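**Student:** I have a structure I would like to understand better, so I am pasting it below and will then ask my questions one at a time.
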Amino acid sequence: MEPTLIYILAGVGISFVLTMLALIDIIRKDFGSLKAKFIWHLIAIIPVLGWIIYFIFGAKKGKKQSFG
(Lines give C-alpha, C1' and ligand atoms only; values in the text may rest on other atoms or scores of the structure.)
Protein backbone atom coordinates (compact mmCIF):
# COMPACT_ATOMS: atom_id res chain seq x y z
CA MET A 1 0.00 0.00 0.00
CA GLU A 2 1.09 3.53 -0.68
CA PRO A 3 1.93 5.73 2.32
CA THR A 4 -0.56 8.37 1.18
CA LEU A 5 -3.41 5.88 1.33
CA ILE A 6 -2.34 4.75 4.79
CA TYR A 7 -2.33 8.37 6.04
CA ILE A 8 -5.77 9.00 4.57
CA LEU A 9 -7.19 5.82 6.12
CA ALA A 10 -5.62 6.66 9.49
CA GLY A 11 -7.09 10.18 9.38
CA VAL A 12 -10.54 8.88 8.49
CA GLY A 13 -10.34 6.25 11.23
CA ILE A 14 -9.28 8.75 13.89
CA SER A 15 -11.99 11.19 12.80
CA PHE A 16 -14.61 8.43 12.93
CA VAL A 17 -13.58 7.39 16.45
CA LEU A 18 -13.62 10.99 17.71
CA THR A 19 -17.05 11.56 16.12
CA MET A 20 -18.38 8.46 17.89
CA LEU A 21 -16.90 9.64 21.21
CA ALA A 22 -18.59 13.03 20.77
CA LEU A 23 -21.94 11.40 19.99
CA ILE A 24 -21.68 9.08 23.01
CA ASP A 25 -20.81 12.05 25.22
CA ILE A 26 -23.83 13.97 23.89
CA ILE A 27 -26.13 11.03 24.61
CA ARG A 28 -24.86 10.79 28.20
CA LYS A 29 -25.26 14.50 29.00
CA ASP A 30 -28.20 16.77 29.71
CA PHE A 31 -28.13 20.04 27.77
CA GLY A 32 -31.26 21.51 29.32
CA SER A 33 -33.53 20.81 26.37
CA LEU A 34 -34.04 18.21 23.71
CA LYS A 35 -33.56 20.90 21.05
CA ALA A 36 -30.06 21.77 22.32
CA LYS A 37 -29.12 18.09 22.43
CA PHE A 38 -30.38 17.60 18.87
CA ILE A 39 -28.40 20.62 17.62
CA TRP A 40 -25.20 19.28 19.22
CA HIS A 41 -25.84 15.94 17.50
CA LEU A 42 -26.13 17.71 14.15
CA ILE A 43 -22.93 19.65 14.80
CA ALA A 44 -21.02 16.54 15.91
CA ILE A 45 -21.75 14.60 12.71
CA ILE A 46 -20.22 17.27 10.47
CA PRO A 47 -17.07 15.61 9.12
CA VAL A 48 -13.90 16.58 11.03
CA LEU A 49 -15.03 20.05 12.14
CA GLY A 50 -18.06 18.76 14.03
CA TRP A 51 -16.28 16.87 16.78
CA ILE A 52 -13.68 19.64 17.06
CA ILE A 53 -16.40 22.25 17.61
CA TYR A 54 -18.21 19.97 20.08
CA PHE A 55 -15.14 19.21 22.19
CA ILE A 56 -14.12 22.89 22.27
CA PHE A 57 -17.54 24.44 23.01
CA GLY A 58 -20.24 21.84 23.66
CA ALA A 59 -18.62 19.34 26.01
CA LYS A 60 -18.45 21.96 28.78
CA LYS A 61 -22.12 22.95 28.41
CA GLY A 62 -23.71 19.62 29.14
CA LYS A 63 -24.08 18.14 32.60
CA LYS A 64 -23.73 14.46 33.32
CA GLN A 65 -27.10 12.87 33.85
CA SER A 66 -27.66 11.09 37.12
CA PHE A 67 -29.63 7.88 36.92
CA GLY A 68 -30.68 7.06 40.41
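Just so we're on the same page: first chain in the C-alpha coordinates is A, next is B, and so on; residues restart at 1 for each chain, and ligands are numbered from 1 in the order they show up.
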Could you pull out all residues of chain A with a DSSP call of helix (DSSP H, G or I) and give them as number ranges by chain?
**Tutor:** A: 3-28, 34-44, 49-58
**Student:** With a distance cut-off of 9 Å and only C-alpha atoms, select the neighbouring residues of Phe16 in chain A, excluding the residue or stretch itself and same-chain residues fewer than 5 positions from it, and output the selection as a list in words.
**Tutor:**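 Close residues of Phe16 in chain A: Gly11, Leu21, Pro47 and Val48 of chain A.
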**Student:** For Ile45 in chain A, which residue out of A:Phe57, A:Glu2, A:Gly32, A:Met20 is the nearest one, using only C-alpha atoms?
**Tutor:**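 For Ile45 in chain A, the nearest of the candidates is A:Met20.
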**Student:** Report the distance between CA of Lys63 in chain A and CA of Gly13 in chain A in Å, rounded to one decimal place.
**Tutor:** 28.1 Å
**Student:** Tell me, as a PyMOL selection string, which residues lie within 9 Å of Ala22 in chain A, counting only C-alpha atoms; anything in the same chain fewer than 6 positions away does not count.
**Tutor:** chain A and resi 41+44-45+50-51+54-55+59
**Student:** Quote the spacing between CA of Lys61 in chain A and CA of Val12 in chain A in Å to one decimal place.
**Tutor:** 27.0 Å
**Student:** Smallest atom-to-atom distance to Lys37 in chain A: which of A:Val17, A:Ile6, A:Leu49, A:Ile24, using only C-alpha atoms?
**Tutor:**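 Between A:Val17, A:Ile6, A:Leu49, A:Ile24, the residue approaching Lys37 in chain A most closely is A:Ile24.
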**Student:** Have a look at A:Lys64, A:Thr4, A:Ile14, A:Ile52 and name the one nearest to Ile26 in chain A; count only C-alpha atoms.
**Tutor:** A:Lys64
